[in-house]
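One structure below.
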Amino acid sequence: MSTETVDPRYSQIDRLPTNEAVEIMLEGQRAAIAALASQTSAIAAAAEAAAARLGATGRLAYAGAGTSGRVGVQDGVELTPTYGWPEARLHFFLAGGMDALMRAVEGAEDDAADARHQVAQAALGPQDVLVGIAASGRTPFTIGAIEEARARGALTIAIANNAGTPLLAAADHAILLDTGSEAIAGSTRMGAGTSQKAALNLLSTAIMLRLGLVFRGLMVNMRISNAKLRLRAQAMVSEIAGVDEAAADAALDAAGGDIRRAILHALGLSAEQAEARLVDARDFHEVLRGLID
């Protein structure tokens with residue numbers, strides 16, 4: 001597997017001056033991002049299929065081991081504050097359990113049976129989507145999770161850094177990030193990990209786009225958890241509804257901090273009218289149809 005080998009260009013990295021070593025590692029990071037260029041169509045297709053499957057009730061899940069599993073958790077947990085994605089609609093299947101976020105669990109990545117058990121216990125089904133991540137593309141735990149989820153009717157997406165591997169073959173949608181050898185062999189936390197994080201950023205953000213949680217480039221379903229985000233929300237309401245800051249702030253108070261409802265309130269809709277529009281429409285563009293230009 002290419003991700004396991006030493007690149008001859010970097011074989012003397014430990015003997016180089018620190019500045020040169022950092023420059024070489026940066027080169028590797030750039031190459032990792034470049035590996036996504038050939039996969040934009042695959043990522044887009046996977047995102048569209050995932051959004052269609054998730055709808056208003058489906059769950060988005062991630063499976064992985066080690067670095068890949070942690071990268072999946074990082075991507076998923078960010079969806080709740082940024083897009084208001086409900087925590088109840090997020091699942092994580094991590095080799096060794098959630099304790100493996102902080103420390104390695106010996107042998108966990110080889111336990112395909114545990115992965116199948118975790119997926120079965122969560123009762124993943126036809127409305128759900130599972131993203132499996134493994135640099136090698138051969139991790140038994142991640143393959144087991146994908147196979148079990150697919151057998152239960154869930155949509156499956158695989159992300160791997162080696163071509164022709166079982167994980168890519170097991171999923172409905174395969175995303176190959178051909179990053180090659182690592183600058184420092186023995187772990188995939190550098191090139192492969194960087195490419196996975198970037199690919200997941202693109203994938204999950206595209207899913208949120210297709211689910212209508214973005215309007216004019218703004219995160220209109222963002223959760224307000226601090227003063228800085230309150231100001232951002234206020235600016236969104238002001239810009240979209242065409243009202244001043246005071247009116248936007250009052251609308252946010254009336255809507256309990258819900259940005260989309262605050263926009264509708266600022267546009268003159270009652271709470272009942274706003275709720276009806278939000279329930280009936282497929283996305284926020286449709287919600288605002290006839291209310292703004």
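FYI, nothing fancy with the structure tokens labels: chains A, B, ... in order, residues from 1 per chain, ligands from 1 as they appear.
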For Gly193 of chain A, list every protein, DNA or RNA residue within 10 Å, evaluated using only C-alpha atoms, and leave out those in the same chain fewer than 5 positions away; present the list as a list of chain:residue names.
->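 What passes the distance filter is A:Gln29, A:Ala32, A:Thr67, A:Ser68, A:Arg70, A:Val71, A:Ile133, A:Ala134, A:Ala135, A:Asn161, A:Thr179, A:Ser187, A:Thr188, A:Ala198, A:Ala199.
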Nearby residues (only C-alpha atoms) at most 12 Å from Ala45 of chain A, same-chain spacing under 2 positions excluded, as a PyMOL selection string | chain A and resi 39-43+47-52+157+172-175+202-203+206-207+210
Just the alpha helix (DSSP H) stuff from segment 57-107 of chain A, please, per backbone DSSP, written as a PyMOL selection string.
-> chain A and resi 66-77+79-83
Skip Arg103 of chain A itself and residues of its chain fewer than 2 positions away, then list as JSON, numbers by chain all residues within 12 Å of it, counting only C-alpha atoms.
-> {"A": [65, 66, 67, 70, 94, 95, 96, 97, 98, 99, 100, 101, 105, 106, 108]}
Using only C-alpha atoms, which residues sit within 6 Å of Arg116 of chain A once same-chain residues fewer than 4 positions away are excluded, as a ChimeraX atom specification?
-> /A:144-145,148
Best match for closeness to Arg232 of chain A among A:Thr82, A:Pro140, A:Ile13, A:Ala276, counting only C-alpha atoms |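 Counting only C-alpha atoms, the residue closest to Arg232 of chain A is A:Thr82.
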Within 10 Å of segment 242-254 of chain A, counting only C-alpha atoms, which residues qualify if same-chain residues fewer than 4 places away don't, as a list in words?
-> Arg230, Leu231, Ala233, Gln234, Ala235, Met236, Val237, Ser238, Asp258, Ile259, Arg260, Arg261, Ala262, Ile263, Leu264, His265, Ala266, Leu267, Gly268, Ala271 and Ile292 of chain A
Dump N, CA and C atoms for the selected residues as a PDB file, in the first residue's frame?
```pdb
ATOM      1  N   ARG A 230     -23.839  35.510  17.990  1.00  0.00           N
ATOM      2  CA  ARG A 230     -25.053  36.331  18.054  1.00  0.00           C
ATOM      3  C   ARG A 230     -24.932  37.503  17.080  1.00  0.00           C
ATOM      4  N   LEU A 231     -23.763  38.132  17.023  1.00  0.00           N
ATOM      5  CA  LEU A 231     -23.562  39.235  16.102  1.00  0.00           C
ATOM      6  C   LEU A 231     -23.629  38.776  14.647  1.00  0.00           C
ATOM      7  N   ALA A 233     -25.357  36.214  13.562  1.00  0.00           N
ATOM      8  CA  ALA A 233     -26.762  35.921  13.298  1.00  0.00           C
ATOM      9  C   ALA A 233     -27.543  37.206  13.054  1.00  0.00           C
ATOM     10  N   GLN A 234     -27.265  38.194  13.868  1.00  0.00           N
ATOM     11  CA  GLN A 234     -27.931  39.490  13.715  1.00  0.00           C
ATOM     12  C   GLN A 234     -27.660  40.061  12.325  1.00  0.00           C
ATOM     13  N   ALA A 235     -26.413  39.945  11.870  1.00  0.00           N
ATOM     14  CA  ALA A 235     -26.048  40.460  10.544  1.00  0.00           C
ATOM     15  C   ALA A 235     -26.778  39.691   9.447  1.00  0.00           C
ATOM     16  N   MET A 236     -26.936  38.371   9.620  1.00  0.00           N
ATOM     17  CA  MET A 236     -27.663  37.565   8.632  1.00  0.00           C
ATOM     18  C   MET A 236     -29.117  38.012   8.519  1.00  0.00           C
ATOM     19  N   VAL A 237     -29.776  38.173   9.670  1.00  0.00           N
ATOM     20  CA  VAL A 237     -31.178  38.580   9.672  1.00  0.00           C
ATOM     21  C   VAL A 237     -31.321  39.956   9.033  1.00  0.00           C
ATOM     22  N   SER A 238     -30.429  40.856   9.390  1.00  0.00           N
ATOM     23  CA  SER A 238     -30.470  42.206   8.845  1.00  0.00           C
ATOM     24  C   SER A 238     -30.297  42.205   7.332  1.00  0.00           C
ATOM     25  N   ASP A 258     -33.470  31.355  16.846  1.00  0.00           N
ATOM     26  CA  ASP A 258     -33.522  30.597  15.591  1.00  0.00           C
ATOM     27  C   ASP A 258     -33.431  31.581  14.422  1.00  0.00           C
ATOM     28  N   ILE A 259     -32.345  31.493  13.648  1.00  0.00           N
ATOM     29  CA  ILE A 259     -32.083  32.492  12.611  1.00  0.00           C
ATOM     30  C   ILE A 259     -33.153  32.488  11.531  1.00  0.00           C
ATOM     31  N   ARG A 260     -33.536  31.327  11.052  1.00  0.00           N
ATOM     32  CA  ARG A 260     -34.518  31.266   9.960  1.00  0.00           C
ATOM     33  C   ARG A 260     -35.868  31.824  10.408  1.00  0.00           C
ATOM     34  N   ARG A 261     -36.285  31.469  11.608  1.00  0.00           N
ATOM     35  CA  ARG A 261     -37.553  31.997  12.118  1.00  0.00           C
ATOM     36  C   ARG A 261     -37.463  33.503  12.374  1.00  0.00           C
ATOM     37  N   ALA A 262     -36.292  33.949  12.792  1.00  0.00           N
ATOM     38  CA  ALA A 262     -36.092  35.388  13.019  1.00  0.00           C
ATOM     39  C   ALA A 262     -36.217  36.155  11.711  1.00  0.00           C
ATOM     40  N   ILE A 263     -35.687  35.610  10.644  1.00  0.00           N
ATOM     41  CA  ILE A 263     -35.805  36.261   9.327  1.00  0.00           C
ATOM     42  C   ILE A 263     -37.267  36.386   8.935  1.00  0.00           C
ATOM     43  N   LEU A 264     -38.010  35.315   9.109  1.00  0.00           N
ATOM     44  CA  LEU A 264     -39.435  35.333   8.762  1.00  0.00           C
ATOM     45  C   LEU A 264     -40.205  36.302   9.654  1.00  0.00           C
ATOM     46  N   HIS A 265     -39.834  36.342  10.923  1.00  0.00           N
ATOM     47  CA  HIS A 265     -40.479  37.282  11.846  1.00  0.00           C
ATOM     48  C   HIS A 265     -40.192  38.720  11.419  1.00  0.00           C
ATOM     49  N   ALA A 266     -38.936  38.995  11.038  1.00  0.00           N
ATOM     50  CA  ALA A 266     -38.552  40.337  10.610  1.00  0.00           C
ATOM     51  C   ALA A 266     -39.262  40.733   9.320  1.00  0.00           C
ATOM     52  N   LEU A 267     -39.677  39.744   8.539  1.00  0.00           N
ATOM     53  CA  LEU A 267     -40.402  40.006   7.290  1.00  0.00           C
ATOM     54  C   LEU A 267     -41.912  40.131   7.505  1.00  0.00           C
ATOM     55  N   GLY A 268     -42.331  40.024   8.778  1.00  0.00           N
ATOM     56  CA  GLY A 268     -43.727  40.261   9.107  1.00  0.00           C
ATOM     57  C   GLY A 268     -44.591  39.040   9.304  1.00  0.00           C
ATOM     58  N   ALA A 271     -45.612  33.652  14.135  1.00  0.00           N
ATOM     59  CA  ALA A 271     -44.933  32.409  14.485  1.00  0.00           C
ATOM     60  C   ALA A 271     -45.580  31.223  13.772  1.00  0.00           C
ATOM     61  N   ILE A 292     -39.058  38.051  -0.466  1.00  0.00           N
ATOM     62  CA  ILE A 292     -37.933  38.916  -0.816  1.00  0.00           C
ATOM     63  C   ILE A 292     -37.642  38.738  -2.302  1.00  0.00           C
TER      64      ILE A 292
END
```
Determine the nearest neighbour of Gly180 of chain A from the options A:Leu168, A:Ala163, A:Ala112, A:Ile24, counting only C-alpha atoms.
->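 Ranking A:Leu168, A:Ala163, A:Ala112, A:Ile24 by distance to Gly180 of chain A, first place goes to A:Ala163.
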For Gly256 of chain A, which of A:Ile224, A:Met219, A:Glu272, A:Ala31 is the closest residue, counting only C-alpha atoms?
->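 Closest residue, counting only C-alpha atoms: A:Ile224.
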Mind listing the strand (DSSP E or B) residues of segment 100-176 of chain A, per DSSP on the backbone, as JSON, numbers by chain?
-> {"A": [129, 130, 131, 132, 133, 134, 155, 156, 157, 158, 159, 160, 173, 174, 175, 176]}
Measure the distance from atom CA of Ala37 of chain A to atom CA of Thr194 of chain A in Å and round it to one decimal.
->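 It comes out at 13.9 Å.
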Have a look at atom CA of Ala120 of chain A and atom CA of Gln196 of chain A and let me know their distance in Å, one decimal.
->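 Taking atom CA of Ala120 of chain A as the start and atom CA of Gln196 of chain A as the end point, the length is 25.6 Å.
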Rank nothing, just name the residue among A:Gly137, A:Gly153, A:Pro8, A:Gly125 nearest to Leu176 of chain A, using only C-alpha atoms.
->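 For Leu176 of chain A, the nearest of the given residues is A:Gly137.
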Given the choices A:Gln127, A:Asn226, A:Asn221, A:Ser181, which gets closest to Asp283 of chain A if the distance is worked out from only C-alpha atoms?
->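 Using only C-alpha atoms, the shortest distance to Asp283 of chain A belongs to A:Asn221.
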